[in-house]
$ cat target.cif   # mmCIF, C-alpha atoms
data_upload
loop_
_atom_site.label_atom_id
_atom_site.label_comp_id
_atom_site.auth_asym_id
_atom_site.auth_seq_id
_atom_site.Cartn_x
_atom_site.Cartn_y
_atom_site.Cartn_z
CA MET A 1 -35.46 -13.68 14.68
CA THR A 2 -33.68 -11.15 12.44
CA LEU A 3 -34.77 -10.05 9.00
CA LEU A 4 -31.96 -12.04 7.38
CA GLN A 5 -32.82 -15.15 9.39
CA GLN A 6 -36.48 -14.88 8.41
CA GLY A 7 -35.62 -14.46 4.75
CA LEU A 8 -37.90 -13.13 2.05
CA PRO A 9 -39.93 -14.94 -0.62
CA SER A 10 -37.74 -16.53 -3.30
CA ASP A 11 -39.40 -14.49 -6.06
CA ASP A 12 -38.42 -11.27 -4.34
CA GLY A 13 -34.65 -11.56 -4.75
CA VAL A 14 -34.27 -7.91 -5.76
CA ALA A 15 -36.05 -6.75 -2.62
CA THR A 16 -33.87 -9.11 -0.55
CA LYS A 17 -30.69 -7.67 -2.03
CA ALA A 18 -31.94 -4.12 -1.54
CA ALA A 19 -32.75 -4.84 2.11
CA ILE A 20 -29.33 -6.39 2.73
CA ASP A 21 -27.58 -3.51 0.96
CA SER A 22 -29.48 -1.01 3.09
CA LEU A 23 -28.58 -2.84 6.31
CA LEU A 24 -24.95 -3.17 5.20
CA GLN A 25 -24.72 0.51 4.41
CA GLY A 26 -26.17 1.39 7.80
CA ALA A 27 -23.73 -0.91 9.61
CA VAL A 28 -20.73 0.43 7.69
CA GLN A 29 -21.79 4.02 8.32
CA LYS A 30 -22.16 3.43 12.06
CA ALA A 31 -18.79 1.65 12.25
CA ALA A 32 -17.06 4.34 10.21
CA LEU A 33 -18.39 7.15 12.40
CA ARG A 34 -17.48 5.28 15.59
CA PHE A 35 -13.99 4.08 14.66
CA VAL A 36 -12.43 6.10 11.87
CA PRO A 37 -12.39 9.64 13.39
CA LEU A 38 -10.88 8.30 16.62
CA LEU A 39 -8.23 6.24 14.83
CA THR A 40 -7.45 9.11 12.44
CA ILE A 41 -6.93 11.54 15.33
CA ALA A 42 -4.72 8.96 17.04
CA TYR A 43 -2.67 8.54 13.87
CA LEU A 44 -2.46 12.32 13.52
CA PHE A 45 -0.85 12.51 16.97
CA ASN A 46 1.27 9.49 16.12
CA TYR A 47 2.76 11.41 13.21
CA LEU A 48 2.83 14.72 15.05
CA ASP A 49 5.55 13.12 17.14
CA ARG A 50 7.55 12.56 13.95
CA THR A 51 6.65 15.91 12.38
CA SER A 52 7.61 17.75 15.55
CA LEU A 53 11.07 16.18 15.42
CA GLY A 54 11.92 18.13 12.28
CA PHE A 55 10.72 21.40 13.81
CA ALA A 56 12.41 20.75 17.14
CA ALA A 57 15.66 20.38 15.19
CA LEU A 58 15.48 24.06 14.23
CA THR A 59 16.61 24.97 17.78
CA MET A 60 17.24 21.67 19.61
CA ASN A 61 20.18 20.59 17.43
CA ARG A 62 22.13 23.73 18.27
CA GLU A 63 21.28 23.67 21.97
CA LEU A 64 22.19 20.00 22.40
CA GLY A 65 25.17 20.17 20.03
CA LEU A 66 23.76 17.60 17.58
CA THR A 67 25.35 17.24 14.14
CA ALA A 68 23.28 16.53 11.02
CA SER A 69 24.31 12.85 11.03
CA GLN A 70 23.57 12.48 14.78
CA PHE A 71 20.12 13.97 14.29
CA GLY A 72 19.51 11.73 11.27
CA LEU A 73 20.63 8.67 13.27
CA ALA A 74 18.32 9.57 16.18
CA ALA A 75 15.42 10.13 13.79
CA GLY A 76 16.06 6.77 12.17
CA ILE A 77 16.89 4.66 15.24
CA PHE A 78 13.22 4.87 16.18
CA PHE A 79 12.59 2.36 13.40
CA VAL A 80 15.05 -0.17 14.81
CA GLY A 81 12.89 -0.71 17.90
CA TYR A 82 9.74 -0.34 15.80
CA SER A 83 10.80 -3.00 13.30
CA LEU A 84 12.11 -5.51 15.85
CA PHE A 85 8.88 -5.45 17.89
CA GLU A 86 6.37 -5.11 15.05
CA ILE A 87 5.59 -8.81 14.55
CA PRO A 88 5.48 -9.71 18.29
CA SER A 89 3.21 -6.74 18.91
CA ASN A 90 0.75 -7.68 16.18
CA LEU A 91 0.66 -11.33 17.25
CA LEU A 92 -0.20 -10.12 20.76
CA LEU A 93 -2.91 -7.93 19.23
CA TYR A 94 -4.35 -11.01 17.53
CA ARG A 95 -4.32 -12.83 20.87
CA PHE A 96 -5.69 -10.10 23.16
CA GLY A 97 -7.85 -8.17 20.69
CA ALA A 98 -7.36 -4.89 18.86
CA ARG A 99 -9.34 -2.84 21.37
CA ARG A 100 -7.05 -3.50 24.33
CA TRP A 101 -3.78 -3.71 22.46
CA LEU A 102 -4.21 -0.51 20.43
CA ALA A 103 -5.13 1.32 23.64
CA ARG A 104 -1.95 0.02 25.30
CA ILE A 105 0.14 1.22 22.35
CA MET A 106 -1.33 4.73 22.42
CA ILE A 107 -0.86 5.23 26.15
CA SER A 108 2.74 3.98 26.18
CA TRP A 109 3.84 5.96 23.13
CA GLY A 110 2.35 9.17 24.58
CA LEU A 111 4.35 8.83 27.78
CA VAL A 112 7.63 7.86 26.09
CA SER A 113 7.33 10.57 23.44
CA ALA A 114 6.79 13.20 26.13
CA ALA A 115 10.04 12.04 27.75
CA THR A 116 11.92 13.32 24.67
CA ALA A 117 11.54 16.78 26.20
CA PHE A 118 14.15 15.84 28.80
CA VAL A 119 16.98 14.46 26.66
CA VAL A 120 20.33 16.14 27.29
CA GLY A 121 22.53 14.92 24.44
CA PRO A 122 22.87 12.43 21.58
CA ASN A 123 22.99 9.28 23.75
CA SER A 124 19.83 10.02 25.74
CA PHE A 125 18.19 11.13 22.48
CA TYR A 126 19.06 7.78 20.88
CA GLY A 127 17.73 5.88 23.90
CA VAL A 128 14.35 7.63 24.02
CA ARG A 129 13.88 7.26 20.27
CA LEU A 130 14.61 3.53 20.49
CA LEU A 131 12.07 3.11 23.33
CA LEU A 132 9.51 5.12 21.39
CA GLY A 133 9.82 2.76 18.45
CA ILE A 134 9.21 -0.21 20.75
CA ALA A 135 6.16 1.51 22.29
CA GLU A 136 4.59 2.35 18.93
CA ALA A 137 5.31 -1.01 17.27
CA GLY A 138 2.21 -2.70 15.91
CA PHE A 139 -0.08 0.33 15.77
CA PHE A 140 -0.36 0.77 12.01
CA PRO A 141 -0.59 -2.91 10.96
CA GLY A 142 -2.89 -3.46 13.94
CA VAL A 143 -5.31 -0.82 12.68
CA THR A 144 -5.03 -2.23 9.14
CA PHE A 145 -5.91 -5.69 10.47
CA PHE A 146 -8.79 -4.21 12.50
CA LEU A 147 -10.27 -2.29 9.55
CA ALA A 148 -10.04 -5.35 7.28
CA ALA A 149 -12.04 -7.29 9.89
CA TRP A 150 -14.76 -4.63 9.86
CA PHE A 151 -15.12 -3.17 6.37
CA PRO A 152 -15.93 -5.09 3.15
CA ALA A 153 -13.58 -4.76 0.18
CA GLN A 154 -15.71 -2.15 -1.61
CA TYR A 155 -15.25 0.25 1.32
CA ARG A 156 -11.77 -0.71 2.48
CA THR A 157 -9.53 1.62 0.46
CA ARG A 158 -11.63 4.65 1.43
CA MET A 159 -11.56 3.71 5.10
CA LEU A 160 -7.80 3.22 4.95
CA ALA A 161 -7.45 6.59 3.23
CA TRP A 162 -9.52 8.38 5.88
CA PHE A 163 -7.37 6.73 8.55
CA LEU A 164 -4.14 7.49 6.71
CA VAL A 165 -5.11 11.13 6.17
CA GLY A 166 -3.82 11.54 9.71
CA ILE A 167 -0.30 11.52 8.21
CA PRO A 168 -0.57 14.58 5.93
CA LEU A 169 -2.95 16.26 8.39
CA SER A 170 -0.29 15.95 11.08
CA SER A 171 1.97 18.15 8.97
CA LEU A 172 -0.84 20.36 7.68
CA ILE A 173 -1.86 21.15 11.26
CA GLY A 174 1.47 20.37 12.85
CA GLY A 175 3.53 22.82 10.82
CA PRO A 176 1.81 25.96 12.10
CA VAL A 177 1.27 24.45 15.58
CA CYS A 178 4.92 23.41 15.92
CA GLY A 179 6.04 26.84 14.74
CA MET A 180 3.90 28.47 17.46
CA LEU A 181 4.95 26.03 20.20
CA LEU A 182 8.58 26.90 19.56
CA GLN A 183 7.64 30.44 20.57
CA MET A 184 6.93 29.18 24.13
CA ASP A 185 10.67 29.24 24.76
CA GLY A 186 11.42 30.18 28.38
CA ILE A 187 7.96 29.56 29.87
CA TRP A 188 8.33 27.74 33.22
CA GLY A 189 12.02 27.38 32.47
CA LEU A 190 11.50 25.06 29.50
CA LYS A 191 12.85 25.50 25.99
CA GLY A 192 10.47 25.84 23.06
CA TRP A 193 11.43 22.42 21.69
CA GLN A 194 10.68 20.87 25.09
CA TRP A 195 7.17 22.34 25.10
CA LEU A 196 6.80 21.03 21.57
CA PHE A 197 7.39 17.40 22.58
CA LEU A 198 5.17 17.65 25.67
CA MET A 199 2.20 19.24 23.93
CA VAL A 200 2.06 16.84 20.98
CA SER A 201 2.63 13.69 23.09
CA LEU A 202 0.53 13.78 26.25
CA PRO A 203 -2.88 13.91 24.46
CA CYS A 204 -2.20 10.34 23.27
CA VAL A 205 -2.88 9.04 26.79
CA PRO A 206 -6.60 10.01 26.94
CA LEU A 207 -6.95 8.89 23.32
CA GLY A 208 -5.81 5.45 24.43
CA PHE A 209 -8.52 5.27 27.08
CA ALA A 210 -11.13 6.42 24.52
CA THR A 211 -10.01 3.60 22.22
CA LEU A 212 -10.52 1.09 25.03
CA LYS A 213 -14.11 2.27 25.40
CA LEU A 214 -15.21 2.76 21.78
CA LEU A 215 -13.62 -0.04 19.74
CA SER A 216 -15.18 -3.49 19.27
CA ASP A 217 -12.88 -6.28 18.13
CA ARG A 218 -15.31 -7.68 15.55
CA PRO A 219 -18.88 -7.09 14.31
CA GLN A 220 -20.27 -10.11 16.19
CA VAL A 221 -19.70 -8.38 19.56
CA ALA A 222 -20.80 -4.87 18.54
CA HIS A 223 -23.78 -4.17 20.81
CA TRP A 224 -24.34 -0.80 19.13
CA LEU A 225 -25.39 -2.49 15.86
CA THR A 226 -28.86 -3.98 15.44
CA GLY A 227 -29.09 -7.74 14.97
CA GLU A 228 -30.02 -7.26 11.31
CA GLU A 229 -27.06 -4.95 10.70
CA ARG A 230 -24.67 -7.41 12.35
CA ASP A 231 -25.98 -10.26 10.20
CA ALA A 232 -25.68 -8.23 7.00
CA LEU A 233 -22.13 -7.10 7.73
CA VAL A 234 -20.89 -10.50 8.91
CA GLY A 235 -22.53 -12.18 5.92
CA VAL A 236 -20.90 -9.89 3.37
CA LEU A 237 -17.48 -10.18 5.01
CA ALA A 238 -17.79 -13.98 5.09
CA SER A 239 -18.81 -14.14 1.43
CA GLU A 240 -15.85 -12.15 0.10
CA VAL A 241 -13.82 -14.04 -2.46
CA ARG A 242 -10.43 -14.64 -0.85
CA GLU A 243 -7.71 -17.13 -1.41
CA ARG A 244 -7.36 -20.09 0.91
CA PRO A 245 -5.60 -18.71 3.99
CA HIS A 246 -2.00 -19.64 4.60
CA SER A 247 -1.62 -22.47 7.08
CA SER A 248 0.90 -20.55 9.20
CA LEU A 249 2.78 -17.29 9.56
CA TRP A 250 5.86 -18.92 8.04
CA ALA A 251 3.88 -19.95 4.94
CA ALA A 252 2.75 -16.34 4.51
CA LEU A 253 6.30 -15.03 4.83
CA LYS A 254 7.45 -17.31 2.00
CA ASP A 255 4.82 -15.88 -0.36
CA ALA A 256 6.55 -13.89 -3.15
CA ARG A 257 3.76 -11.31 -3.02
CA VAL A 258 4.52 -10.59 0.63
CA LEU A 259 8.19 -10.00 -0.22
CA ILE A 260 7.35 -7.72 -3.15
CA CYS A 261 4.91 -5.76 -1.00
CA THR A 262 7.66 -5.36 1.59
CA ALA A 263 10.00 -3.88 -1.05
CA ILE A 264 7.30 -1.50 -2.31
CA GLN A 265 6.51 -0.18 1.14
CA PHE A 266 10.22 0.20 1.88
CA GLY A 267 10.42 2.54 -1.10
CA PHE A 268 7.54 4.87 -0.34
CA THR A 269 8.24 4.84 3.41
CA LEU A 270 11.82 5.93 2.74
CA GLY A 271 10.42 8.67 0.51
CA SER A 272 7.88 9.78 3.10
CA TYR A 273 10.40 10.16 5.93
CA GLY A 274 13.23 11.33 3.72
CA ILE A 275 11.03 14.25 2.70
CA GLY A 276 8.96 14.81 5.84
CA ILE A 277 11.57 14.92 8.59
CA TRP A 278 14.00 17.06 6.58
CA LEU A 279 11.42 19.37 4.94
CA PRO A 280 11.69 22.17 7.55
CA LEU A 281 15.49 22.12 7.32
CA MET A 282 15.39 22.05 3.50
CA LEU A 283 13.07 25.07 3.50
CA LYS A 284 15.47 26.80 5.90
CA GLU A 285 17.92 26.87 2.96
CA TYR A 286 15.67 29.53 1.40
CA HIS A 287 16.41 31.84 4.38
CA LEU A 288 12.89 31.69 5.80
CA ALA A 289 11.96 32.41 9.43
CA ASN A 290 10.96 29.46 11.64
CA PHE A 291 7.38 30.74 11.95
CA ALA A 292 7.09 31.07 8.15
CA ILE A 293 8.48 27.56 7.66
CA GLY A 294 5.71 26.24 9.92
CA TRP A 295 3.04 27.63 7.60
CA ILE A 296 4.78 26.85 4.30
CA THR A 297 5.29 23.18 5.19
CA ALA A 298 1.51 22.91 5.58
CA ILE A 299 0.98 23.59 1.86
CA PRO A 300 2.28 20.26 0.46
CA TYR A 301 0.39 18.33 3.11
CA LEU A 302 -2.88 20.13 2.31
CA PHE A 303 -2.63 18.94 -1.29
CA ALA A 304 -1.48 15.49 -0.13
CA SER A 305 -4.54 15.12 2.16
CA VAL A 306 -7.04 16.04 -0.56
CA GLY A 307 -5.19 14.09 -3.24
CA MET A 308 -5.08 10.90 -1.18
CA ILE A 309 -8.81 10.93 -0.37
CA LEU A 310 -9.82 11.60 -3.99
CA TRP A 311 -7.40 9.02 -5.38
CA ALA A 312 -8.58 6.37 -2.90
CA ARG A 313 -12.24 6.99 -3.79
CA TYR A 314 -11.36 6.65 -7.48
CA VAL A 315 -9.60 3.33 -6.85
CA ASP A 316 -12.56 1.96 -4.84
CA GLU A 317 -14.90 2.86 -7.69
CA LYS A 318 -12.74 1.90 -10.70
CA GLY A 319 -10.35 -0.74 -9.33
CA ARG A 320 -6.90 -1.20 -10.98
CA ARG A 321 -5.14 -0.94 -7.64
CA ILE A 322 -1.75 -2.12 -8.86
CA VAL A 323 -1.65 0.32 -11.78
CA ASN A 324 -2.67 3.20 -9.54
CA LEU A 325 -0.12 2.19 -6.90
CA SER A 326 2.58 2.28 -9.57
CA LEU A 327 1.49 5.73 -10.78
CA ALA A 328 1.46 7.07 -7.21
CA CYS A 329 5.02 5.83 -6.56
CA LEU A 330 6.18 7.34 -9.85
CA LEU A 331 4.64 10.71 -8.98
CA GLY A 332 6.39 10.54 -5.60
CA GLY A 333 9.75 10.28 -7.37
CA LEU A 334 9.18 12.75 -10.19
CA GLY A 335 7.95 15.49 -7.85
CA LEU A 336 11.36 15.61 -6.16
CA LEU A 337 13.01 16.77 -9.38
CA ALA A 338 11.45 20.25 -9.01
CA PRO A 339 13.44 21.39 -5.93
CA ILE A 340 16.56 19.90 -7.53
CA VAL A 341 16.41 21.84 -10.82
CA SER A 342 15.07 25.16 -9.49
CA GLY A 343 16.18 27.57 -6.80
CA SER A 344 12.68 29.02 -6.44
CA VAL A 345 10.86 28.30 -3.18
CA THR A 346 7.55 28.28 -5.12
CA VAL A 347 8.79 25.61 -7.52
CA ALA A 348 10.27 23.62 -4.63
CA VAL A 349 6.99 23.65 -2.67
CA THR A 350 5.10 22.62 -5.82
CA GLY A 351 7.46 19.70 -6.32
CA PHE A 352 7.24 18.62 -2.69
CA SER A 353 3.43 18.83 -2.97
CA LEU A 354 3.37 16.49 -5.99
CA ALA A 355 5.81 14.10 -4.31
CA LEU A 356 3.76 13.93 -1.12
CA ILE A 357 0.51 13.41 -3.05
CA GLY A 358 2.17 10.40 -4.66
CA VAL A 359 3.65 9.02 -1.43
CA THR A 360 0.47 9.36 0.65
CA ALA A 361 -1.81 8.01 -2.09
CA ALA A 362 0.55 5.05 -2.56
CA ARG A 363 0.22 4.22 1.13
CA ALA A 364 -3.59 4.18 1.05
CA ILE A 365 -3.80 2.13 -2.16
CA PHE A 366 -1.06 -0.26 -1.07
CA TRP A 367 -2.65 -1.46 2.17
CA SER A 368 -5.82 -2.60 0.40
CA ILE A 369 -3.74 -5.12 -1.60
CA PRO A 370 -2.14 -7.54 0.94
CA THR A 371 -5.42 -7.93 2.86
CA ARG A 372 -6.82 -9.59 -0.27
CA PHE A 373 -4.54 -12.60 0.10
CA LEU A 374 -3.70 -12.59 3.84
CA THR A 375 -6.26 -13.61 6.48
CA GLY A 376 -6.33 -14.76 10.12
CA VAL A 377 -3.04 -15.12 11.98
CA ALA A 378 -1.21 -14.91 8.64
CA ALA A 379 -2.73 -11.44 8.18
CA ALA A 380 -1.78 -10.31 11.69
CA GLY A 381 1.79 -11.55 11.33
CA GLY A 382 2.15 -10.98 7.59
CA LEU A 383 1.01 -7.36 7.71
CA ALA A 384 3.34 -6.76 10.63
CA PHE A 385 6.21 -8.39 8.72
CA ILE A 386 5.62 -6.17 5.69
CA ASN A 387 5.47 -3.09 7.88
CA SER A 388 8.41 -4.02 10.13
CA ILE A 389 10.90 -4.77 7.38
CA ALA A 390 9.65 -2.05 5.06
CA THR A 391 9.71 0.66 7.70
CA VAL A 392 13.45 0.22 7.91
CA GLY A 393 13.03 2.76 5.11
CA GLY A 394 12.00 5.15 7.86
CA PHE A 395 15.48 4.67 9.32
CA VAL A 396 17.33 4.78 6.00
CA GLY A 397 15.56 7.87 4.63
CA PRO A 398 16.39 10.39 7.39
CA PHE A 399 19.87 8.98 7.99
CA MET A 400 20.68 8.89 4.28
CA MET A 401 19.56 12.49 3.81
CA GLY A 402 21.69 13.65 6.76
CA TRP A 403 24.74 11.67 5.68
CA LEU A 404 24.55 12.84 2.06
CA LYS A 405 24.02 16.44 3.23
CA GLU A 406 27.23 16.32 5.24
CA LEU A 407 29.07 14.55 2.43
CA SER A 408 28.03 16.86 -0.40
CA GLY A 409 27.10 20.09 1.40
CA SER A 410 23.60 20.21 -0.12
CA TYR A 411 20.34 18.25 -0.25
CA VAL A 412 20.50 17.61 -4.02
CA ILE A 413 22.22 14.21 -3.89
CA GLY A 414 19.87 13.04 -1.13
CA LEU A 415 16.78 14.06 -3.12
CA LEU A 416 18.12 12.30 -6.22
CA ALA A 417 18.66 9.13 -4.19
CA VAL A 418 15.11 9.26 -2.79
CA ALA A 419 13.68 9.85 -6.28
CA ALA A 420 15.58 6.84 -7.65
CA ILE A 421 14.25 4.60 -4.87
CA MET A 422 10.69 5.75 -5.59
CA VAL A 423 11.16 4.78 -9.25
CA ALA A 424 12.36 1.36 -8.09
CA ALA A 425 9.17 1.07 -5.98
CA THR A 426 7.21 1.85 -9.15
CA LEU A 427 8.80 -1.08 -10.96
CA ALA A 428 8.23 -3.38 -7.97
CA SER A 429 4.55 -2.35 -7.95
CA LEU A 430 4.16 -3.24 -11.61
CA SER A 431 5.72 -6.65 -10.95
CA LEU A 432 2.75 -7.51 -8.72
CA LYS A 433 0.72 -7.92 -11.93
CA LEU A 434 2.61 -11.17 -12.49
CA PHE A 435 1.24 -12.64 -9.25
CA ILE A 436 -2.15 -10.93 -8.77
CA THR A 437 -4.46 -11.09 -11.76
CA ARG A 438 -7.68 -10.14 -9.95
CA GLU A 439 -7.65 -6.65 -8.46
#

$ encode --input "target.cif" --output "structure tokens"
Amino acid sequence: MTLLQQGLPSDDGVATKAAIDSLLQGAVQKAALRFVPLLTIAYLFNYLDRTSLGFAALTMNRELGLTASQFGLAAGIFFVGYSLFEIPSNLLLYRFGARRWLARIMISWGLVSAATAFVVGPNSFYGVRLLLGIAEAGFFPGVTFFLAAWFPAQYRTRMLAWFLVGIPLSSLIGGPVCGMLLQMDGIWGLKGWQWLFLMVSLPCVPLGFATLKLLSDRPQVAHWLTGEERDALVGVLASEVRERPHSSLWAALKDARVLICTAIQFGFTLGSYGIGIWLPLMLKEYHLANFAIGWITAIPYLFASVGMILWARYVDEKGRRIVNLSLACLLGGLGLLAPIVSGSVTVAVTGFSLALIGVTAARAIFWSIPTRFLTGVAAAGGLAFINSIATVGGFVGPFMMGWLKELSGSYVIGLLAVAAIMVAATLASLSLKLFITRE
């Protein structure tokens, strides 16, 4: 019989609460150490694939004869396959369990991403990018669903932030790494950009097998927790104040809050990819060497990584998620004004740093909000719906930047458009206050 099953004397309620809190903290700590580093590293490689695309363009575009709009279309077409298969993938995750399905996603995306090294022109490039989107579909909302099933609300934003730090870390680490991998040009008859795709993709395969071994779908089947720790964690998760779950996926999709959340994520996702994929090429305008660009692009992502973790901890401690989400989106837009008004590379990097702090912090804060009113199959499908429709912004951002660059001859109009969309996301975030009174 466990400690919680035995109970404690009724006049010792304080001791009972202290014992449960201690067991809960131990269970959360064990789960965090077992899951979060693995999932963060996986997400880092997930985004390295996208970060490497911008660096590969420094030489690949010329060698394959790709125009700016063709490159932007290839970068964005990934999200067509991703969006179309997001909901089916997450419903299959709900059916087969996160452990097996997330492992399948990692292994397949690693193999398809590595195949990008062998594209020969725009059509094959489009095809591989489309397949890659299909392979990756469901990973992010699947992890969000998994973490919500494991971590109580008071820990959730921090756990999401530590997972999501894989995004800025992929550029913090990826910038210098991608710059060095491009120097492998000619080794074994492969171009530098080919080595780049191979080296950042193939490690995802063993990560998938590690996921299969280490993840547990829910606390009730976690053999590595003690019985008391399992009871404490399951009890706290079951006692969380949540709204009555939607009766079906369709009922969740008709919820105005789901639609507003979709619009918000569309905004900051467009901003993230509009900045991230084109950042190396925008810095190239300052006549910097490829190797130097690799190191300079790491600077904004260093600040974004630290800023996101600190902001998420603040939100977990103080609350006011919607207000902080709005402020993060606003910072994401305002930061882009710096490279527009100044020709200084220092000012530009400062502005990009502020913008990326806002975008990455918005992502961490945002994903702790829909899990408060979506549960069960509605959560699996609803989170996937939000992510699938909203990540169309990942298609629009890169393509829009490329199209406006060709149209105007500079990146100024594109940056203004991204900034305006981030301001619109700010207003959409504030509108959530009309529907969610308890944060």

$ residues_around --input "target.cif" --residues "Leu404 in chain A" --least-positions-apart "4" --cutoff "12 Å" --atoms "only C-alpha atoms" --output "ChimeraX atom specification"
/A:68-69,72,274,396-400,408-418

$ residues_around --input "target.cif" --residues "range 208-217 of chain A" --least-positions-apart "4" --cutoff "6 Å" --atoms "only C-alpha atoms" --output "number ranges by chain"
A: 97-100, 103, 106-107, 222

$ atom_distance --input "target.cif" --atom1 "CA of Tyr94 in chain A" --atom2 "CA of Ser388 in chain A"
16.3 Å

$ resolve_selection --input "target.cif" --expression "the PyMOL selection byres ((chain A and resi 28-35) around 9)" --output "MDAnalysis selection string"
chainID A and resid 23:27 36:40 147 150:152 155 159 211 214:216 219 224:225 229 233

$ closest_residue --input "target.cif" --among "A:Ser113, A:Ser431, A:Thr360, A:Gln265" --to "Ile386 in chain A" --atoms "only C-alpha atoms"
A:Gln265

$ residues_around --input "target.cif" --residues "Cys204 in chain A" --least-positions-apart "5" --cutoff "9 Å" --atoms "all atoms listed in the file" --output "list in words"
Ala42, Phe45, Asn46, Met106, Ile107, Ser108, Trp109, Gly110, Leu111 and Phe209 of chain A

$ residues_around --input "target.cif" --residues "Phe125 in chain A" --least-positions-apart "4" --cutoff "10 Å" --atoms "all atoms listed in the file" --output "list in words"
Leu64, Leu66, Gln70, Phe71, Leu73, Ala74, Ala75, Ile77, Ala115, Thr116, Ala117, Phe118, Val119, Val120, Gly121, Arg129 and Leu130 of chain A

$ closest_residue --input "target.cif" --among "A:Ala419, A:Cys261, A:Ile134, A:Met401" --to "Trp367 in chain A" --atoms "all atoms listed in the file"
A:Cys261

$ atom_distance --input "target.cif" --atom1 "CA of Ala135 in chain A" --atom2 "CA of Glu86 in chain A"
9.8 Å

$ closest_residue --input "target.cif" --among "A:Gly276, A:Gly235, A:Gly81, A:Pro88" --to "Tyr47 in chain A" --atoms "all atoms listed in the file"
A:Gly276

$ atom_distance --input "target.cif" --atom1 "CA of Ala361 in chain A" --atom2 "CA of Ser429 in chain A"
13.5 Å

$ closest_residue --input "target.cif" --among "A:Asp185, A:Gly174, A:Ile167, A:Val323" --to "Pro280 in chain A" --atoms "all atoms listed in the file"
A:Gly174

$ closest_residue --input "target.cif" --among "A:Leu91, A:Ala161, A:Ala425, A:Leu432" --to "Arg363 in chain A" --atoms "only C-alpha atoms"
A:Ala161

$ resolve_selection --input "target.cif" --expression "the PyMOL selection byres ((chain A and resi 292) around 12)" --output "ChimeraX atom specification"
/A:55,175-180,280,283-284,286-291,293-299

$ closest_residue --input "target.cif" --among "A:Phe366, A:Trp101, A:Trp403, A:Phe140" --to "Leu327 in chain A" --atoms "all atoms listed in the file"
A:Phe366

$ residues_around --input "target.cif" --residues "Leu182 in chain A" --least-positions-apart "6" --cutoff "8 Å" --atoms "only C-alpha atoms" --output "NGL selection string"
:A and (56 or 191-193 or 195-196)

$ resolve_selection --input "target.cif" --expression "the PyMOL selection byres ((chain A and resi 428) around 10)" --output "PDB file with C-alpha atoms, in the frame of the given file"
ATOM      1  CA  ILE A 260       7.350  -7.720  -3.150  1.00  0.00           C
ATOM      2  CA  CYS A 261       4.910  -5.760  -1.000  1.00  0.00           C
ATOM      3  CA  THR A 262       7.660  -5.360   1.590  1.00  0.00           C
ATOM      4  CA  ALA A 263      10.000  -3.880  -1.050  1.00  0.00           C
ATOM      5  CA  ILE A 264       7.300  -1.500  -2.310  1.00  0.00           C
ATOM      6  CA  GLN A 265       6.510  -0.180   1.140  1.00  0.00           C
ATOM      7  CA  GLY A 267      10.420   2.540  -1.100  1.00  0.00           C
ATOM      8  CA  SER A 326       2.580   2.280  -9.570  1.00  0.00           C
ATOM      9  CA  CYS A 329       5.020   5.830  -6.560  1.00  0.00           C
ATOM     10  CA  MET A 422      10.690   5.750  -5.590  1.00  0.00           C
ATOM     11  CA  VAL A 423      11.160   4.780  -9.250  1.00  0.00           C
ATOM     12  CA  ALA A 424      12.360   1.360  -8.090  1.00  0.00           C
ATOM     13  CA  ALA A 425       9.170   1.070  -5.980  1.00  0.00           C
ATOM     14  CA  THR A 426       7.210   1.850  -9.150  1.00  0.00           C
ATOM     15  CA  LEU A 427       8.800  -1.080 -10.960  1.00  0.00           C
ATOM     16  CA  SER A 429       4.550  -2.350  -7.950  1.00  0.00           C
ATOM     17  CA  LEU A 430       4.160  -3.240 -11.610  1.00  0.00           C
ATOM     18  CA  SER A 431       5.720  -6.650 -10.950  1.00  0.00           C
ATOM     19  CA  LEU A 432       2.750  -7.510  -8.720  1.00  0.00           C
ATOM     20  CA  LYS A 433       0.720  -7.920 -11.930  1.00  0.00           C
TER      21      LYS A 433
END
